[in-house]
2 protein chains.
Amino acid sequence: MMAGYTKSVERLQAEFAKLPGIGARSAERLAFHVLKAPREEALALAEAIADVKANVRPCSVCFNLAEDRLCEICSDAGRDAGCICVVEQPKDLLSLEVTGVFSGVYHVLMGQIAPLDGVEPEDLTIDQLLARVRKGGVREVILATNPTVAGDVTALHIVERLKDLPSVKVTRLARGLPVGGSIEYSNQSILTDALNERREL
Amino acid sequence: MMAGYTKSVERLQAEFAKLPGIGARSAERLAFHVLKAPREEALALAEAIADVKANVRPCSVCFNLAEDRLCEICSDAGRDAGCICVVEQPKDLLSLEVTGVFSGVYHVLMGQIAPLDGVEPEDLTIDQLLARVRKGGVREVILATNPTVAGDVTALHIVERLKDLPSVKVTRLARGLPVGGSIEYSNQSILTDALNERREL
């Protein structure tokens, strides 16, 4: 008889192997780490997973990650609710927050329009964005979708939908050369953007 | 105010980051995977961790991983209990099992003697190995510790301890050139072993 690890260990290995970027060898290493780790330490990971599934939900206003009805940003009276920055996912929101440049609020679309992947506009939180704008008090909507085909399609769709609403300024993030990049190694699309959006000095 | 992820998400990220080989970026990716994953899938990982901590224990005879009193190998009547292969850890046991060459039983030391890391002989399962041999019925003990200084120290210590017991044949795994290796790129220690343990054809 060829022996393997025990059933519980093999199941844990299989579960770890389902995680992104975790191959069979890493899954084995992680399972053994759990085996050797003090009971409390291993269970802390199990509890953290269960807690996230139990506690984290979308903010009822902007769909950012939240543990209460409102996320930390929407519940912050210091943020300018008149300026909404529209992002695809919570990770994008955090990247923008790290700059410390933006003091408005956000709206998380929860994806991008991608018909080939079965993601239609109604699968995103676009209706909820329009409802926020319709309520009034919004001066500007900044479209901060990714600078990709799908991101642009999503942004254009939102621009069209916003046209029927009371006038609100709609902007999108600037495109051009990335700081630290070089003209020599920039591709055609970057250089086209850089030329078309050139600024007067 | 600079927003981060929610408390639960940050805690999960921190727990993932404690795992071996998981850096901050991977921990973030894993935490987001758990966030997005279906509830059952995420909880399956949490349960698998808890199950391993609850169900897996050392075999009462050989200290291999087991879910019952005896591991799969010790409870297999087809294995030759007269030949004990001594390994450092359960992983080594499994590597040897994969060869399909060995039909005896094992004894897992649960480490190697390493005074600098605070591991003394009494921290390993050497006393239990001696007790097994003392019981009788054991013809051969194969020392399959790693071919390293600490592995050799551990093996020599066991050889000394076995000397006081009723005669039993003590062997160790062969050393020499690894199949597929080359003489040109083998280091001095490998070549020394290969010369010293040369076999007559």
# chains A, B, ... in the order shown; residues from 1 in each chain; ligands from 1
$ closest_atom_pairs --of "chain A" --to "chain B" --cutoff "9 Å" --atoms "only C-alpha atoms" --output "JSON lines"
{"residue": "A:Met1", "atom": "CA", "partner": "B:Asp76", "partner_atom": "CA", "distance": 8.0}
{"residue": "A:Met2", "atom": "CA", "partner": "B:Glu97", "partner_atom": "CA", "distance": 6.5}
{"residue": "A:Ala3", "atom": "CA", "partner": "B:Glu97", "partner_atom": "CA", "distance": 6.7}
{"residue": "A:Gly4", "atom": "CA", "partner": "B:Leu94", "partner_atom": "CA", "distance": 6.6}
{"residue": "A:Tyr5", "atom": "CA", "partner": "B:Leu65", "partner_atom": "CA", "distance": 7.0}
{"residue": "A:Thr6", "atom": "CA", "partner": "B:Ala66", "partner_atom": "CA", "distance": 6.1}
{"residue": "A:Lys7", "atom": "CA", "partner": "B:Glu67", "partner_atom": "CA", "distance": 7.9}
{"residue": "A:Ser8", "atom": "CA", "partner": "B:Val52", "partner_atom": "CA", "distance": 5.3}
{"residue": "A:Val9", "atom": "CA", "partner": "B:Val52", "partner_atom": "CA", "distance": 6.0}
{"residue": "A:Arg11", "atom": "CA", "partner": "B:Ala48", "partner_atom": "CA", "distance": 6.5}
{"residue": "A:Leu12", "atom": "CA", "partner": "B:Ala48", "partner_atom": "CA", "distance": 4.9}
{"residue": "A:Gln13", "atom": "CA", "partner": "B:Ala48", "partner_atom": "CA", "distance": 8.7}
{"residue": "A:Ala14", "atom": "CA", "partner": "B:Leu45", "partner_atom": "CA", "distance": 9.0}
{"residue": "A:Glu15", "atom": "CA", "partner": "B:Leu45", "partner_atom": "CA", "distance": 5.4}
{"residue": "A:Phe16", "atom": "CA", "partner": "B:Leu45", "partner_atom": "CA", "distance": 7.0}
{"residue": "A:Leu19", "atom": "CA", "partner": "B:Leu30", "partner_atom": "CA", "distance": 6.8}
{"residue": "A:Pro20", "atom": "CA", "partner": "B:Leu30", "partner_atom": "CA", "distance": 6.9}
{"residue": "A:Gly21", "atom": "CA", "partner": "B:Ser26", "partner_atom": "CA", "distance": 8.1}
{"residue": "A:Ser26", "atom": "CA", "partner": "B:Gly21", "partner_atom": "CA", "distance": 8.1}
{"residue": "A:Arg29", "atom": "CA", "partner": "B:Pro20", "partner_atom": "CA", "distance": 7.7}
{"residue": "A:Leu30", "atom": "CA", "partner": "B:Leu19", "partner_atom": "CA", "distance": 6.8}
{"residue": "A:Ala31", "atom": "CA", "partner": "B:Ile49", "partner_atom": "CA", "distance": 8.2}
{"residue": "A:Phe32", "atom": "CA", "partner": "B:Lys91", "partner_atom": "CA", "distance": 8.8}
{"residue": "A:His33", "atom": "CA", "partner": "B:Leu19", "partner_atom": "CA", "distance": 7.3}
{"residue": "A:Val34", "atom": "CA", "partner": "B:Ile49", "partner_atom": "CA", "distance": 7.0}
{"residue": "A:Leu35", "atom": "CA", "partner": "B:Lys53", "partner_atom": "CA", "distance": 6.6}
{"residue": "A:Pro38", "atom": "CA", "partner": "B:Lys53", "partner_atom": "CA", "distance": 9.0}
{"residue": "A:Arg39", "atom": "CA", "partner": "B:Lys53", "partner_atom": "CA", "distance": 6.4}
{"residue": "A:Glu41", "atom": "CA", "partner": "B:Glu15", "partner_atom": "CA", "distance": 8.5}
{"residue": "A:Ala42", "atom": "CA", "partner": "B:Ile49", "partner_atom": "CA", "distance": 6.9}
{"residue": "A:Leu43", "atom": "CA", "partner": "B:Ala50", "partner_atom": "CA", "distance": 6.1}
{"residue": "A:Ala44", "atom": "CA", "partner": "B:Glu15", "partner_atom": "CA", "distance": 7.2}
{"residue": "A:Leu45", "atom": "CA", "partner": "B:Glu15", "partner_atom": "CA", "distance": 5.4}
{"residue": "A:Ala46", "atom": "CA", "partner": "B:Ala46", "partner_atom": "CA", "distance": 4.1}
{"residue": "A:Glu47", "atom": "CA", "partner": "B:Ala46", "partner_atom": "CA", "distance": 6.9}
{"residue": "A:Ala48", "atom": "CA", "partner": "B:Leu12", "partner_atom": "CA", "distance": 4.9}
{"residue": "A:Ile49", "atom": "CA", "partner": "B:Ala46", "partner_atom": "CA", "distance": 6.2}
{"residue": "A:Ala50", "atom": "CA", "partner": "B:Leu43", "partner_atom": "CA", "distance": 6.1}
{"residue": "A:Asp51", "atom": "CA", "partner": "B:Ser8", "partner_atom": "CA", "distance": 6.3}
{"residue": "A:Val52", "atom": "CA", "partner": "B:Ser8", "partner_atom": "CA", "distance": 5.3}
{"residue": "A:Lys53", "atom": "CA", "partner": "B:Arg39", "partner_atom": "CA", "distance": 6.4}
{"residue": "A:Ala54", "atom": "CA", "partner": "B:Arg39", "partner_atom": "CA", "distance": 8.9}
{"residue": "A:Asn55", "atom": "CA", "partner": "B:Ser8", "partner_atom": "CA", "distance": 7.1}
{"residue": "A:Val56", "atom": "CA", "partner": "B:Ser8", "partner_atom": "CA", "distance": 7.1}
{"residue": "A:Leu65", "atom": "CA", "partner": "B:Thr6", "partner_atom": "CA", "distance": 6.6}
{"residue": "A:Ala66", "atom": "CA", "partner": "B:Thr6", "partner_atom": "CA", "distance": 6.1}
{"residue": "A:Glu67", "atom": "CA", "partner": "B:Thr6", "partner_atom": "CA", "distance": 6.6}
{"residue": "A:Cys71", "atom": "CA", "partner": "B:Thr6", "partner_atom": "CA", "distance": 8.2}
{"residue": "A:Glu72", "atom": "CA", "partner": "B:Ala3", "partner_atom": "CA", "distance": 6.7}
{"residue": "A:Ile73", "atom": "CA", "partner": "B:Ala3", "partner_atom": "CA", "distance": 6.8}
{"residue": "A:Asp76", "atom": "CA", "partner": "B:Met1", "partner_atom": "CA", "distance": 8.1}
{"residue": "A:Gly78", "atom": "CA", "partner": "B:Met1", "partner_atom": "CA", "distance": 8.1}
{"residue": "A:Arg79", "atom": "CA", "partner": "B:Met1", "partner_atom": "CA", "distance": 8.6}
{"residue": "A:Pro90", "atom": "CA", "partner": "B:Tyr5", "partner_atom": "CA", "distance": 8.4}
{"residue": "A:Lys91", "atom": "CA", "partner": "B:Tyr5", "partner_atom": "CA", "distance": 8.8}
{"residue": "A:Leu94", "atom": "CA", "partner": "B:Gly4", "partner_atom": "CA", "distance": 6.6}
{"residue": "A:Glu97", "atom": "CA", "partner": "B:Met2", "partner_atom": "CA", "distance": 6.5}
{"residue": "A:Val98", "atom": "CA", "partner": "B:Met2", "partner_atom": "CA", "distance": 7.1}
{"residue": "A:Gly100", "atom": "CA", "partner": "B:Met2", "partner_atom": "CA", "distance": 7.0}
{"residue": "A:Ser103", "atom": "CA", "partner": "B:Met1", "partner_atom": "CA", "distance": 8.8}
$ select_by_dssp --residues "range 9-199 of chain B" --states "helix (DSSP H, G or I)" --output "compact mmCIF listing (two decimals) with N, CA, C and O atoms, in the first residue's frame"
# COMPACT_ATOMS: atom_id res chain seq x y z
N VAL B 9 -10.62 42.55 6.89
CA VAL B 9 -9.79 42.26 5.72
C VAL B 9 -8.31 42.43 6.08
O VAL B 9 -7.47 41.62 5.69
N GLU B 10 -8.03 43.48 6.85
CA GLU B 10 -6.63 43.70 7.24
C GLU B 10 -6.12 42.58 8.14
O GLU B 10 -4.97 42.17 8.05
N ARG B 11 -7.00 42.08 9.01
CA ARG B 11 -6.59 40.98 9.89
C ARG B 11 -6.32 39.73 9.06
O ARG B 11 -5.33 39.03 9.28
N LEU B 12 -7.18 39.46 8.09
CA LEU B 12 -6.99 38.29 7.24
C LEU B 12 -5.67 38.41 6.47
O LEU B 12 -4.90 37.44 6.37
N GLN B 13 -5.41 39.62 5.94
CA GLN B 13 -4.16 39.85 5.22
C GLN B 13 -2.96 39.56 6.13
O GLN B 13 -2.01 38.91 5.73
N ALA B 14 -3.05 40.04 7.37
CA ALA B 14 -1.95 39.85 8.33
C ALA B 14 -1.75 38.36 8.62
O ALA B 14 -0.61 37.88 8.72
N GLU B 15 -2.86 37.61 8.72
CA GLU B 15 -2.74 36.18 9.01
C GLU B 15 -2.12 35.45 7.81
O GLU B 15 -1.27 34.58 7.99
N PHE B 16 -2.54 35.80 6.61
CA PHE B 16 -1.95 35.17 5.42
C PHE B 16 -0.46 35.49 5.35
O PHE B 16 0.35 34.65 4.97
N ALA B 17 -0.10 36.73 5.71
CA ALA B 17 1.30 37.14 5.59
C ALA B 17 2.20 36.39 6.56
O ALA B 17 3.42 36.37 6.40
N ALA B 24 3.67 40.46 1.53
CA ALA B 24 2.55 41.39 1.70
C ALA B 24 1.64 41.42 0.48
O ALA B 24 0.41 41.41 0.61
N ARG B 25 2.23 41.43 -0.73
CA ARG B 25 1.41 41.49 -1.94
C ARG B 25 0.58 40.22 -2.12
O ARG B 25 -0.59 40.27 -2.47
N SER B 26 1.20 39.06 -1.88
CA SER B 26 0.47 37.81 -2.00
C SER B 26 -0.64 37.74 -0.96
O SER B 26 -1.75 37.28 -1.25
N ALA B 27 -0.35 38.21 0.24
CA ALA B 27 -1.35 38.17 1.31
C ALA B 27 -2.55 39.02 0.92
O ALA B 27 -3.70 38.63 1.15
N GLU B 28 -2.31 40.15 0.28
CA GLU B 28 -3.39 41.01 -0.16
C GLU B 28 -4.23 40.30 -1.24
O GLU B 28 -5.46 40.29 -1.19
N ARG B 29 -3.52 39.66 -2.18
CA ARG B 29 -4.20 38.95 -3.25
C ARG B 29 -5.06 37.81 -2.68
O ARG B 29 -6.20 37.61 -3.08
N LEU B 30 -4.50 37.08 -1.70
CA LEU B 30 -5.24 35.97 -1.11
C LEU B 30 -6.46 36.48 -0.34
O LEU B 30 -7.54 35.90 -0.42
N ALA B 31 -6.28 37.59 0.39
CA ALA B 31 -7.41 38.13 1.15
C ALA B 31 -8.53 38.55 0.20
O ALA B 31 -9.70 38.29 0.46
N PHE B 32 -8.17 39.14 -0.94
CA PHE B 32 -9.19 39.54 -1.90
C PHE B 32 -9.84 38.33 -2.56
O PHE B 32 -11.03 38.36 -2.87
N HIS B 33 -9.05 37.28 -2.73
CA HIS B 33 -9.63 36.07 -3.28
C HIS B 33 -10.71 35.54 -2.32
O HIS B 33 -11.80 35.17 -2.74
N VAL B 34 -10.39 35.53 -1.04
CA VAL B 34 -11.36 35.05 -0.04
C VAL B 34 -12.60 35.94 -0.06
O VAL B 34 -13.73 35.46 0.02
N LEU B 35 -12.39 37.26 -0.17
CA LEU B 35 -13.51 38.19 -0.21
C LEU B 35 -14.44 37.88 -1.37
O LEU B 35 -15.66 37.91 -1.23
N LYS B 36 -13.85 37.59 -2.53
CA LYS B 36 -14.65 37.39 -3.74
C LYS B 36 -15.19 35.96 -3.85
O LYS B 36 -16.19 35.73 -4.52
N ARG B 39 -19.05 31.91 -0.49
CA ARG B 39 -18.98 31.67 0.94
C ARG B 39 -18.50 30.26 1.28
O ARG B 39 -17.60 30.08 2.09
N GLU B 40 -19.10 29.25 0.63
CA GLU B 40 -18.76 27.86 0.97
C GLU B 40 -17.30 27.56 0.66
O GLU B 40 -16.63 26.83 1.40
N GLU B 41 -16.82 28.11 -0.46
CA GLU B 41 -15.45 27.83 -0.85
C GLU B 41 -14.47 28.41 0.17
O GLU B 41 -13.52 27.74 0.59
N ALA B 42 -14.72 29.65 0.61
CA ALA B 42 -13.84 30.28 1.59
C ALA B 42 -13.90 29.54 2.92
O ALA B 42 -12.88 29.30 3.56
N LEU B 43 -15.12 29.17 3.31
CA LEU B 43 -15.25 28.50 4.61
C LEU B 43 -14.66 27.10 4.56
O LEU B 43 -14.23 26.56 5.58
N ALA B 44 -14.61 26.48 3.36
CA ALA B 44 -14.01 25.16 3.25
C ALA B 44 -12.54 25.21 3.66
O ALA B 44 -12.05 24.30 4.33
N LEU B 45 -11.86 26.29 3.30
CA LEU B 45 -10.45 26.44 3.70
C LEU B 45 -10.35 26.61 5.22
O LEU B 45 -9.53 25.97 5.88
N ALA B 46 -11.22 27.46 5.77
CA ALA B 46 -11.21 27.69 7.22
C ALA B 46 -11.46 26.37 7.96
O ALA B 46 -10.78 26.06 8.94
N GLU B 47 -12.42 25.59 7.46
CA GLU B 47 -12.74 24.31 8.12
C GLU B 47 -11.61 23.31 7.98
O GLU B 47 -11.31 22.55 8.90
N ALA B 48 -10.97 23.30 6.80
CA ALA B 48 -9.87 22.36 6.59
C ALA B 48 -8.74 22.64 7.57
O ALA B 48 -8.11 21.72 8.09
N ILE B 49 -8.49 23.92 7.84
CA ILE B 49 -7.45 24.29 8.81
C ILE B 49 -7.83 23.79 10.20
O ILE B 49 -7.04 23.14 10.89
N ALA B 50 -9.07 24.09 10.59
CA ALA B 50 -9.54 23.67 11.91
C ALA B 50 -9.53 22.15 12.05
O ALA B 50 -9.14 21.61 13.09
N ASP B 51 -9.92 21.45 10.97
CA ASP B 51 -9.96 19.99 11.00
C ASP B 51 -8.57 19.40 11.21
O ASP B 51 -8.39 18.44 11.97
N VAL B 52 -7.60 19.95 10.50
CA VAL B 52 -6.24 19.44 10.65
C VAL B 52 -5.77 19.60 12.10
O VAL B 52 -5.19 18.68 12.67
N LYS B 53 -6.07 20.78 12.68
CA LYS B 53 -5.63 20.99 14.06
C LYS B 53 -6.40 20.07 15.02
O LYS B 53 -5.89 19.69 16.07
N ALA B 54 -7.63 19.71 14.67
CA ALA B 54 -8.44 18.89 15.56
C ALA B 54 -8.16 17.40 15.39
O ALA B 54 -8.13 16.64 16.36
N ASN B 55 -7.92 16.95 14.14
CA ASN B 55 -7.89 15.51 13.84
C ASN B 55 -6.51 14.89 13.73
O ASN B 55 -6.36 13.69 13.94
N PRO B 90 7.76 13.65 8.81
CA PRO B 90 6.78 12.94 7.97
C PRO B 90 7.00 13.15 6.47
O PRO B 90 6.77 12.25 5.69
N LYS B 91 7.47 14.34 6.07
CA LYS B 91 7.71 14.59 4.65
C LYS B 91 8.75 13.62 4.08
O LYS B 91 8.63 13.18 2.93
N ASP B 92 9.80 13.34 4.87
CA ASP B 92 10.84 12.42 4.40
C ASP B 92 10.24 11.04 4.20
O ASP B 92 10.54 10.34 3.23
N LEU B 93 9.39 10.65 5.14
CA LEU B 93 8.71 9.35 5.06
C LEU B 93 7.94 9.25 3.74
O LEU B 93 8.05 8.27 3.01
N LEU B 94 7.20 10.30 3.42
CA LEU B 94 6.40 10.24 2.21
C LEU B 94 7.28 10.16 0.96
O LEU B 94 6.97 9.43 0.01
N SER B 95 8.40 10.89 0.96
CA SER B 95 9.30 10.84 -0.19
C SER B 95 9.82 9.42 -0.38
O SER B 95 9.91 8.93 -1.50
N LEU B 96 10.16 8.75 0.72
CA LEU B 96 10.65 7.38 0.61
C LEU B 96 9.53 6.45 0.16
O LEU B 96 9.75 5.56 -0.67
N GLU B 97 8.31 6.66 0.64
CA GLU B 97 7.18 5.81 0.26
C GLU B 97 6.92 5.87 -1.24
O GLU B 97 6.54 4.88 -1.85
N VAL B 98 7.12 7.08 -1.80
CA VAL B 98 6.82 7.25 -3.22
C VAL B 98 7.68 6.31 -4.08
O VAL B 98 7.26 5.90 -5.16
N THR B 99 8.87 5.95 -3.60
CA THR B 99 9.71 5.04 -4.38
C THR B 99 9.09 3.66 -4.48
O THR B 99 9.35 2.92 -5.43
N PRO B 115 21.69 21.50 18.79
CA PRO B 115 21.80 22.21 20.06
C PRO B 115 21.72 23.74 19.89
O PRO B 115 21.16 24.43 20.73
N LEU B 116 22.25 24.25 18.76
CA LEU B 116 22.21 25.71 18.56
C LEU B 116 20.78 26.22 18.41
O LEU B 116 20.48 27.37 18.72
N ASP B 117 19.87 25.35 17.92
CA ASP B 117 18.47 25.74 17.81
C ASP B 117 17.67 25.25 19.02
O ASP B 117 16.44 25.27 19.03
N PRO B 121 18.71 15.76 22.08
CA PRO B 121 18.22 14.41 21.78
C PRO B 121 16.89 14.09 22.46
O PRO B 121 16.02 13.44 21.87
N GLU B 122 16.70 14.58 23.69
CA GLU B 122 15.48 14.24 24.42
C GLU B 122 14.24 14.94 23.85
O GLU B 122 13.11 14.59 24.20
N ASP B 123 14.45 15.91 22.94
CA ASP B 123 13.30 16.56 22.29
C ASP B 123 12.79 15.72 21.12
O ASP B 123 11.71 15.97 20.61
N ILE B 126 13.65 9.63 20.19
CA ILE B 126 14.67 8.58 20.23
C ILE B 126 14.37 7.54 21.32
O ILE B 126 14.51 6.33 21.10
N ASP B 127 13.93 7.99 22.49
CA ASP B 127 13.59 7.04 23.57
C ASP B 127 12.52 6.06 23.10
O ASP B 127 12.58 4.86 23.38
N GLN B 128 11.54 6.58 22.38
CA GLN B 128 10.46 5.72 21.90
C GLN B 128 10.97 4.72 20.86
O GLN B 128 10.48 3.59 20.79
N LEU B 129 11.98 5.14 20.07
CA LEU B 129 12.58 4.22 19.10
C LEU B 129 13.28 3.08 19.83
O LEU B 129 13.13 1.90 19.50
N LEU B 130 14.05 3.46 20.86
CA LEU B 130 14.77 2.44 21.64
C LEU B 130 13.77 1.48 22.29
O LEU B 130 14.01 0.26 22.32
N ALA B 131 12.67 2.00 22.78
CA ALA B 131 11.65 1.15 23.40
C ALA B 131 11.10 0.14 22.39
O ALA B 131 10.85 -1.02 22.72
N ARG B 132 10.91 0.61 21.14
CA ARG B 132 10.39 -0.31 20.10
C ARG B 132 11.39 -1.43 19.84
O ARG B 132 11.00 -2.59 19.68
N VAL B 133 12.68 -1.06 19.78
CA VAL B 133 13.71 -2.07 19.52
C VAL B 133 13.81 -3.04 20.70
O VAL B 133 13.94 -4.26 20.53
N ARG B 134 13.72 -2.47 21.90
CA ARG B 134 13.87 -3.26 23.12
C ARG B 134 12.78 -4.33 23.23
O ARG B 134 13.00 -5.42 23.75
N VAL B 149 25.30 17.77 8.27
CA VAL B 149 26.00 17.65 9.55
C VAL B 149 25.01 17.28 10.65
O VAL B 149 25.22 16.32 11.40
N ALA B 150 23.88 18.02 10.72
CA ALA B 150 22.92 17.75 11.79
C ALA B 150 22.30 16.35 11.64
O ALA B 150 22.07 15.66 12.65
N GLY B 151 22.05 15.96 10.39
CA GLY B 151 21.49 14.62 10.16
C GLY B 151 22.46 13.54 10.60
O GLY B 151 22.08 12.54 11.22
N ASP B 152 23.75 13.74 10.28
CA ASP B 152 24.77 12.76 10.66
C ASP B 152 24.95 12.70 12.18
O ASP B 152 25.11 11.62 12.75
N VAL B 153 24.93 13.86 12.82
CA VAL B 153 25.05 13.91 14.28
C VAL B 153 23.90 13.10 14.91
O VAL B 153 24.10 12.30 15.83
N THR B 154 22.70 13.31 14.37
CA THR B 154 21.53 12.61 14.87
C THR B 154 21.68 11.10 14.69
O THR B 154 21.42 10.31 15.61
N ALA B 155 22.13 10.70 13.50
CA ALA B 155 22.29 9.27 13.20
C ALA B 155 23.33 8.64 14.13
O ALA B 155 23.11 7.57 14.70
N LEU B 156 24.48 9.34 14.32
CA LEU B 156 25.53 8.80 15.17
C LEU B 156 25.07 8.67 16.62
O LEU B 156 25.38 7.69 17.30
N HIS B 157 24.31 9.65 17.08
CA HIS B 157 23.76 9.58 18.43
C HIS B 157 22.89 8.34 18.60
O HIS B 157 22.98 7.62 19.60
N ILE B 158 22.07 8.05 17.59
CA ILE B 158 21.18 6.89 17.66
C ILE B 158 21.99 5.59 17.63
O ILE B 158 21.70 4.64 18.37
N VAL B 159 23.04 5.56 16.80
CA VAL B 159 23.91 4.38 16.74
C VAL B 159 24.49 4.09 18.12
O VAL B 159 24.46 2.95 18.60
N GLU B 160 24.97 5.13 18.80
CA GLU B 160 25.54 4.97 20.15
C GLU B 160 24.52 4.40 21.12
O GLU B 160 24.81 3.48 21.88
N ARG B 161 23.32 4.95 21.08
CA ARG B 161 22.26 4.53 21.99
C ARG B 161 21.83 3.09 21.72
O ARG B 161 21.46 2.36 22.63
N LEU B 162 21.86 2.69 20.43
CA LEU B 162 21.41 1.33 20.08
C LEU B 162 22.41 0.27 20.52
O LEU B 162 22.07 -0.91 20.63
N GLN B 188 33.05 18.46 -3.56
CA GLN B 188 34.06 17.61 -2.95
C GLN B 188 33.45 16.54 -2.04
O GLN B 188 33.87 15.39 -2.05
N SER B 189 32.43 16.94 -1.27
CA SER B 189 31.83 15.99 -0.33
C SER B 189 31.16 14.84 -1.06
O SER B 189 31.26 13.68 -0.66
N ILE B 190 30.46 15.17 -2.14
CA ILE B 190 29.78 14.12 -2.91
C ILE B 190 30.80 13.16 -3.49
O ILE B 190 30.66 11.94 -3.39
N LEU B 191 31.88 13.71 -4.06
CA LEU B 191 32.89 12.87 -4.70
C LEU B 191 33.64 12.02 -3.66
O LEU B 191 33.98 10.86 -3.91
N THR B 192 33.88 12.61 -2.48
CA THR B 192 34.53 11.85 -1.41
C THR B 192 33.67 10.64 -1.02
O THR B 192 34.17 9.51 -0.92
N ASP B 193 32.36 10.88 -0.84
CA ASP B 193 31.44 9.78 -0.54
C ASP B 193 31.45 8.75 -1.65
O ASP B 193 31.48 7.54 -1.40
N ALA B 194 31.40 9.24 -2.91
CA ALA B 194 31.32 8.33 -4.05
C ALA B 194 32.55 7.44 -4.12
O ALA B 194 32.46 6.24 -4.45
N LEU B 195 33.73 7.99 -3.79
CA LEU B 195 34.96 7.20 -3.81
C LEU B 195 34.98 6.22 -2.63
O LEU B 195 35.23 5.02 -2.80
N ASN B 196 34.70 6.75 -1.44
CA ASN B 196 34.77 5.90 -0.25
C ASN B 196 33.77 4.76 -0.27
O ASN B 196 34.03 3.69 0.27
$ atom_distance --atom1 "CA of Arg198 in chain B" --atom2 "CA of Val101 in chain B"
21.8 Å
$ atom_distance --atom1 "CA of Leu109 in chain B" --atom2 "CA of Val87 in chain B"
6.1 Å
$ atom_distance --atom1 "CA of Ser186 in chain B" --atom2 "CA of Glu200 in chain B"
21.5 Å
$ select_by_dssp --residues "chain A" --states "strand (DSSP E or B)" --output "number ranges by chain"
A: 57-58, 65-66, 80-87, 104-108, 114, 119, 140-144, 169-172
$ closest_residue --among "A:Val61, A:Leu124, A:Arg69, A:Thr171" --to "Tyr106 in chain A" --atoms "only C-alpha atoms"
A:Val61
